[in-house]
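Take a look at the structure below.
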Amino acid sequence: MSVFIIDHISKSYITNKQSCCVLNNINLTLPDSGLVSIVGKSGSGKSTLLNILMGIEKPDRGRVLFNKTDISKMKDKTFSDYHLSGVSMVYQHFNLFDNQTALENCLTPLQMKGMPKKAAISKVTEQFQKLGIESLLNRKVKNMSGGEKQRIAIVRAIVTNPSAILCDEPTGALDKNNSNAIMKILKKISERILVVLVSHNIDLVNQFSDEIITLKDGRIVDKISNIKNRFSNQFKKEKSKYSSKWTDKFFRGNLLSDFAKNIFSIFACAFSFLSIMLSVGFLVGSKTSQSNAINQNLSMNFSTVSQTEFLDIEGSPLSYQKTIRPEINLIDEKFSDFHSLRVEENLSFFISDYSSVYFNEKQILNYEMVPLIDESLEAFGNELIVEGTTINSEFDEVMINTEFMKLLDEKNPVNLEIIISSNSVVKYSTGDKDNPYIKDNFSYTKRFKIVGVVKEFSFLNNPKIFYSYNGAKEFLKTQKMVNLSLYKNTPISFYSYLENCSADNEASSYSNFLFVTDKNELEKFFSKVKELETEEDEIQITSSAYQIKQTYQTFIESFSSTLIIFVLITFLGVNFILGMISLSTFIQRKKDTAILTCLGARNKSIYNLYLLENYSVVTVAFIIAISILKFCENKLNLLIENKFGLNNLIDTPINNFLGIPFGLFIILFFLFAIFSTLFTVIPMFIYRRGAIVNELRDE
């Protein structure tokens, strides 16, 4: 019984306003089972034939019958049924949903058929078990290897119980072991249904096929069954007596006569090599630097958390936005999967960035006051200290970063003192008309000893003063609100007032402090911040370290994109220059070339004559670039470190690249050799199409 009857089909394409026939009067009958392979050179019509069988292309003439139904005349409903139950396809590049699991991928066609989910899951699971890949069921496709993806694609194809499976180069993207495994699976399937396979792998075709159909120039030129090793090489290469040793003399002469041009080419190539190597070093080093950038920030574990409310305006369709201090239980709910978060009262109303700071009677402006908690100092701070030590838990010591140290104009400020003075007014609403507010003034002027200096990532970083949060909290507890205490007839400290004030009270700063005490949860925390930011959640996290990280990451990505474009332009530009120099040299010597041709020189030798000159230039330039690479890298890194505080931003992978020892140099050299060849040979080939006699006449 036949599944497909292919009846006198032809197919042409229009190329450059001319018709190109890829299938020419094909007649073929395919059985209802077995593995049928279609082979032939590229352009012989294999894939076009497979596409016509699939129904995604239509023949210009003839018809293809599937169970006596003309595929090209199927209406929408019939065409849908044809794909759901009649025929399935396995693609070379899988065409799976990468962000779905394997199970979800294979459930899709069954759900299209209306199968209940439970039954569909059972059916898919059964197929996975048969293939021994049930461990892949709940893995996302994007995390799978090529062999695993192809197995998933096969399950998706067979799970609908089709009459035929069409496979377009199913092993084309796989290694030898996976290719054999896939072919064994297809062979097993073909025992009960038809499997039509297009492949360039003749060895696999001969090993597994029940029938082999060979196409050439759009026609069937051979059809065999169960014949193996048909495509063995029957031809022997003849030894050539031709020699190219004569080119050595011409090559040496060309080098000397083109000395000035070659020197220019060498420096152009050396600059290109060096630029590309350093650019790759930046792309490699920037990945590490992005991690180091956030780790080089003593306030990376500190942020503030606030809540946004939208309130309706009475009698109006409009609403307004209001920022308040969130409830602790709401914060706990949002960060329920975190174990190292510590939520504290925001002290910024009392210990603020607007405090007056003096050093040697000089006022210091434009700085940040950053609280530190004791349990985070060891985890987050010690490695950044370049001078001195960490602060104690009292409100009498501070640490500063190097940016703040520059404001002090002191080379070693450790053990020196700064004076911090602050003043703020707290208002308590009584509700009385006669005395609506109770006001208490909070002020202090204290000397703080600088006990340590930290070096942070300087990109977008501000001068900072670090103080003990616990020390500041205890200090606020000792400061009494005299007027409010008299009014309430009970002692009230500024801290207790802060604890109990309303969420929209100015003293609360409309937020809480949030500390991450475990360094291992920091990246997870930043991911959560990004999630809340993306979803425009009612809870907002403000973290200067996160903002620096995001800004720096954006900067690196933008710069990397620009750098890649620069590398491509440099690479192509230098190769173009080399090609044009070779072409100009060839044009200068075109008569000599024509003579050589008449004497019996082969095209390959003539091309090599000019290519050797290019290769010599590339080799010398490559040696120069490698010899000065480390020097240039060190100088640039020193400049970047002084400017941005980043160590080893450029890290050129000299010893290993892409798993290849000295891979960067090897790949870069061969790419230059290949493109230099193309930019040299192609223009010369086009130019040499003119008659040789014309060159001989050209004086």
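How things are named: the first chain in the structure tokens is A, the next is B, and so on; residues count from 1 in each chain; ligands count from 1 in the order shown.
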- Task: Find the residues near stretch 167-184 of chain A: any atom within 7 Å, counting only C-alpha atoms, skip ones fewer than 2 places away on the same chain, and give them as a PyMOL selection string.
- Result: chain A and resi 47+89-93+146-147+165+186-188+196-199
- Message: Which of stretch 277-481 of chain A end up as strand (DSSP E or B) when DSSP is run on this backbone - answer as a ChimeraX atom specification?
- Response: /A:302-312,319-324,341-345,356-359,362-364,368-372,385-388,397-401,417-429,437-454,464-468,480
Taking C-alpha atoms for each residue, export the selection above as a short mmCIF file (atom, residue, chain, number, x, y, z; two decimals), in the first residue's frame.
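Result went into result16.cif, see below:
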```
data_model
loop_
_atom_site.label_atom_id
_atom_site.label_comp_id
_atom_site.auth_asym_id
_atom_site.auth_seq_id
_atom_site.Cartn_x
_atom_site.Cartn_y
_atom_site.Cartn_z
CA PHE A 302 22.17 48.40 51.90
CA SER A 303 18.98 49.74 50.33
CA THR A 304 15.71 51.43 51.23
CA VAL A 305 12.26 49.97 50.71
CA SER A 306 9.10 52.05 50.26
CA GLN A 307 5.50 51.51 49.20
CA THR A 308 3.42 53.34 46.62
CA GLU A 309 -0.30 53.95 47.13
CA PHE A 310 -2.71 55.31 44.56
CA LEU A 311 -5.51 57.29 46.20
CA ASP A 312 -8.69 58.48 44.52
CA SER A 319 -6.01 59.70 41.53
CA TYR A 320 -2.68 60.64 43.02
CA GLN A 321 0.38 58.68 44.01
CA LYS A 322 1.59 58.59 47.58
CA THR A 323 4.80 57.08 48.97
CA ILE A 324 4.65 55.59 52.47
CA LEU A 341 17.16 40.25 55.13
CA ARG A 342 17.06 42.63 58.05
CA VAL A 343 14.47 45.40 58.06
CA GLU A 344 15.21 48.45 60.20
CA GLU A 345 13.84 51.93 60.75
CA SER A 356 27.08 69.61 58.08
CA VAL A 357 30.49 67.96 57.93
CA TYR A 358 33.71 69.82 58.79
CA PHE A 359 37.35 68.84 58.58
CA LYS A 362 36.62 73.26 56.09
CA GLN A 363 33.05 72.26 55.23
CA ILE A 364 32.68 69.12 53.13
CA GLU A 368 26.35 60.24 51.38
CA MET A 369 25.78 58.95 54.91
CA VAL A 370 25.63 55.15 54.69
CA PRO A 371 24.65 52.95 57.64
CA LEU A 372 26.46 49.67 58.30
CA ILE A 385 39.65 48.27 53.47
CA VAL A 386 42.88 49.79 52.18
CA GLU A 387 43.76 51.67 55.35
CA GLY A 388 42.80 51.25 59.02
CA GLU A 397 33.61 56.22 64.65
CA VAL A 398 33.23 56.33 60.88
CA MET A 399 34.79 54.88 57.78
CA ILE A 400 35.16 56.78 54.52
CA ASN A 401 35.73 55.78 50.90
CA GLU A 417 38.52 63.47 63.18
CA ILE A 418 35.63 65.04 61.34
CA ILE A 419 32.82 67.03 62.93
CA ILE A 420 29.27 66.19 61.97
CA SER A 421 26.47 68.54 62.92
CA SER A 422 22.78 67.91 62.28
CA ASN A 423 19.53 69.62 63.09
CA SER A 424 15.93 68.56 62.38
CA VAL A 425 12.49 69.36 63.75
CA VAL A 426 9.90 66.70 64.57
CA LYS A 427 6.26 67.76 64.55
CA TYR A 428 3.58 65.85 66.44
CA SER A 429 -0.03 66.59 65.52
CA TYR A 437 1.52 70.80 66.91
CA ILE A 438 4.11 69.74 69.46
CA LYS A 439 7.59 70.45 68.12
CA ASP A 440 10.85 68.91 69.27
CA ASN A 441 14.21 69.87 67.93
CA PHE A 442 16.74 67.09 67.31
CA SER A 443 20.30 68.32 66.99
CA TYR A 444 23.80 67.10 67.66
CA THR A 445 27.37 68.13 66.98
CA LYS A 446 29.83 65.30 67.42
CA ARG A 447 33.41 64.47 66.64
CA PHE A 448 33.86 61.22 64.76
CA LYS A 449 37.14 59.39 64.45
CA ILE A 450 38.02 58.09 60.97
CA VAL A 451 39.11 54.51 61.61
CA GLY A 452 39.26 53.13 58.06
CA VAL A 453 39.33 53.92 54.35
CA VAL A 454 37.68 51.65 51.76
CA LYS A 464 30.63 58.34 51.43
CA ILE A 465 30.73 58.35 55.22
CA PHE A 466 29.94 54.97 56.78
CA TYR A 467 28.54 54.86 60.32
CA SER A 468 27.27 52.14 62.65
CA LYS A 480 14.55 62.55 74.56
#
```
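Here atom CA of A:Lys117 and atom CA of A:Asp98 stand 20.9 Å from one another.
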Where does stretch 603-649 of chain A meet stretch 266-287 of chain A within 10 Å, residue by residue, with the nearest atom pair and distance in Å to one decimal for each, counting only C-alpha atoms, listed by chain and rising number, as a tab-separated table?
```
residue	atom	partner	partner_atom	distance
A:Asn614	CA	A:Ile266	CA	9.4
A:Ser616	CA	A:Ile266	CA	9.0
A:Val617	CA	A:Ile266	CA	5.3
A:Val618	CA	A:Cys269	CA	6.5
A:Thr619	CA	A:Ile266	CA	8.7
A:Val620	CA	A:Ile266	CA	6.7
A:Ala621	CA	A:Ala270	CA	4.4
A:Phe622	CA	A:Ala270	CA	6.0
A:Ile623	CA	A:Ala270	CA	8.2
A:Ile624	CA	A:Ala270	CA	6.3
A:Ala625	CA	A:Ala270	CA	5.2
A:Ile626	CA	A:Leu274	CA	7.5
A:Ser627	CA	A:Leu274	CA	9.8
A:Ile628	CA	A:Leu274	CA	8.2
A:Leu629	CA	A:Leu274	CA	6.5
A:Lys630	CA	A:Leu278	CA	9.4
A:Cys632	CA	A:Leu278	CA	8.4
A:Glu633	CA	A:Leu278	CA	6.9
A:Leu636	CA	A:Leu278	CA	9.4
A:Asn637	CA	A:Phe282	CA	9.9
A:Leu646	CA	A:Ser286	CA	9.7
A:Asn647	CA	A:Gly285	CA	9.4
A:Asn648	CA	A:Gly285	CA	6.9
A:Leu649	CA	A:Gly285	CA	5.0
```
Take the residues just selected and output them with N, CA and C atoms as an mmCIF file, in the first residue's frame.
```cif
data_model
loop_
_atom_site.group_PDB
_atom_site.id
_atom_site.type_symbol
_atom_site.label_atom_id
_atom_site.label_comp_id
_atom_site.auth_asym_id
_atom_site.auth_seq_id
_atom_site.Cartn_x
_atom_site.Cartn_y
_atom_site.Cartn_z
ATOM 1 N N ASN A 614 50.939 38.750 0.716
ATOM 2 C CA ASN A 614 49.977 39.098 1.768
ATOM 3 C C ASN A 614 50.221 38.302 3.043
ATOM 4 N N SER A 616 52.925 37.016 4.097
ATOM 5 C CA SER A 616 54.147 37.490 4.759
ATOM 6 C C SER A 616 53.869 38.746 5.564
ATOM 7 N N VAL A 617 53.099 39.667 4.958
ATOM 8 C CA VAL A 617 52.719 40.895 5.658
ATOM 9 C C VAL A 617 51.931 40.563 6.917
ATOM 10 N N VAL A 618 50.944 39.666 6.779
ATOM 11 C CA VAL A 618 50.100 39.291 7.916
ATOM 12 C C VAL A 618 50.936 38.639 9.017
ATOM 13 N N THR A 619 51.882 37.778 8.636
ATOM 14 C CA THR A 619 52.702 37.079 9.628
ATOM 15 C C THR A 619 53.581 38.048 10.417
ATOM 16 N N VAL A 620 54.256 38.950 9.709
ATOM 17 C CA VAL A 620 55.107 39.930 10.391
ATOM 18 C C VAL A 620 54.268 40.820 11.308
ATOM 19 N N ALA A 621 53.115 41.279 10.790
ATOM 20 C CA ALA A 621 52.230 42.130 11.601
ATOM 21 C C ALA A 621 51.734 41.387 12.829
ATOM 22 N N PHE A 622 51.451 40.119 12.659
ATOM 23 C CA PHE A 622 50.961 39.305 13.765
ATOM 24 C C PHE A 622 52.019 39.192 14.857
ATOM 25 N N ILE A 623 53.262 38.967 14.451
ATOM 26 C CA ILE A 623 54.366 38.857 15.415
ATOM 27 C C ILE A 623 54.551 40.173 16.170
ATOM 28 N N ILE A 624 54.474 41.295 15.444
ATOM 29 C CA ILE A 624 54.613 42.608 16.083
ATOM 30 C C ILE A 624 53.493 42.823 17.102
ATOM 31 N N ALA A 625 52.249 42.490 16.704
ATOM 32 C CA ALA A 625 51.098 42.699 17.590
ATOM 33 C C ALA A 625 51.230 41.871 18.864
ATOM 34 N N ILE A 626 51.626 40.621 18.725
ATOM 35 C CA ILE A 626 51.776 39.752 19.899
ATOM 36 C C ILE A 626 52.879 40.268 20.819
ATOM 37 N N SER A 627 53.960 40.757 20.217
ATOM 38 C CA SER A 627 55.108 41.193 21.024
ATOM 39 C C SER A 627 54.801 42.426 21.874
ATOM 40 N N ILE A 628 53.865 43.268 21.431
ATOM 41 C CA ILE A 628 53.554 44.479 22.205
ATOM 42 C C ILE A 628 52.196 44.382 22.903
ATOM 43 N N LEU A 629 51.537 43.223 22.770
ATOM 44 C CA LEU A 629 50.189 43.076 23.331
ATOM 45 C C LEU A 629 50.171 43.312 24.835
ATOM 46 N N LYS A 630 51.027 42.625 25.574
ATOM 47 C CA LYS A 630 51.011 42.722 27.031
ATOM 48 C C LYS A 630 51.348 44.135 27.502
ATOM 49 N N CYS A 632 50.754 46.973 25.908
ATOM 50 C CA CYS A 632 49.582 47.829 25.666
ATOM 51 C C CYS A 632 48.449 47.495 26.635
ATOM 52 N N GLU A 633 48.265 46.207 26.908
ATOM 53 C CA GLU A 633 47.206 45.792 27.839
ATOM 54 C C GLU A 633 47.460 46.354 29.226
ATOM 55 N N LEU A 636 46.839 50.194 29.307
ATOM 56 C CA LEU A 636 45.412 50.517 29.273
ATOM 57 C C LEU A 636 44.732 50.160 30.586
ATOM 58 N N ASN A 637 45.096 49.015 31.162
ATOM 59 C CA ASN A 637 44.507 48.622 32.446
ATOM 60 C C ASN A 637 44.872 49.603 33.558
ATOM 61 N N LEU A 646 38.789 49.997 38.291
ATOM 62 C CA LEU A 646 38.591 48.614 37.873
ATOM 63 C C LEU A 646 39.937 47.960 37.596
ATOM 64 N N ASN A 647 40.142 46.794 38.214
ATOM 65 C CA ASN A 647 41.387 46.073 38.010
ATOM 66 C C ASN A 647 41.248 45.110 36.840
ATOM 67 N N ASN A 648 42.245 45.122 35.966
ATOM 68 C CA ASN A 648 42.321 44.151 34.870
ATOM 69 C C ASN A 648 41.021 44.065 34.075
ATOM 70 N N LEU A 649 40.486 45.207 33.669
ATOM 71 C CA LEU A 649 39.281 45.198 32.835
ATOM 72 C C LEU A 649 39.556 44.518 31.501
#
```
- Item | Nearby residues (only C-alpha atoms) at most 10 Å from A:Lys604, same-chain spacing under 3 positions excluded, as a list in words |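 After dropping sequence-adjacent residues, the list is Ser244, Ala601, Tyr607, Asn608, Leu609 and Val681 of chain A.
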Can you spit out the residues from that selection as a PDB file, in the first residue's frame, using C-alpha atoms?
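Writing the result to out22.pdb gives the following:
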```pdb
ATOM      1  CA  SER A 244      55.544  26.116  -8.259  1.00  0.00           C
ATOM      2  CA  ALA A 601      51.832  29.026 -15.099  1.00  0.00           C
ATOM      3  CA  TYR A 607      47.288  33.659  -7.205  1.00  0.00           C
ATOM      4  CA  ASN A 608      49.744  32.216  -4.679  1.00  0.00           C
ATOM      5  CA  LEU A 609      52.410  34.568  -5.922  1.00  0.00           C
ATOM      6  CA  VAL A 681      41.645  36.325  -5.113  1.00  0.00           C
TER       7      VAL A 681
END
```
- Selection near stretch 19-34 of chain A, 9 Å with only C-alpha atoms, sequence-local residues under 4 positions removed, as a PyMOL selection string: chain A and resi 1-15+43-46+48-49+59+61-62+163-164+187+189-196+209-211+215+217-220
- One decimal, Å: what's the distance from atom CA of A:Gln550 over to atom CA of A:Ile331, could you say?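 Computing the Euclidean distance for atom CA of A:Gln550 and atom CA of A:Ile331 yields 23.0 Å.
Taking atom CA of A:Leu416 and atom CA of A:Thr390 as endpoints, the distance between them is 14.6 Å.
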- Item | Test item: residues at most 10 Å from A:Lys528, only C-alpha atoms, excluding those fewer than 6 positions along its chain, as a PyMOL selection string | chain A and resi 334-335+522+534+541
- Quick one: residues within 12 Å of A:Met580, only C-alpha atoms counted, chain neighbours fewer than 5 positions away excluded, as number ranges by chain? A: 261, 265, 572-575, 585-588, 610, 614, 676-684
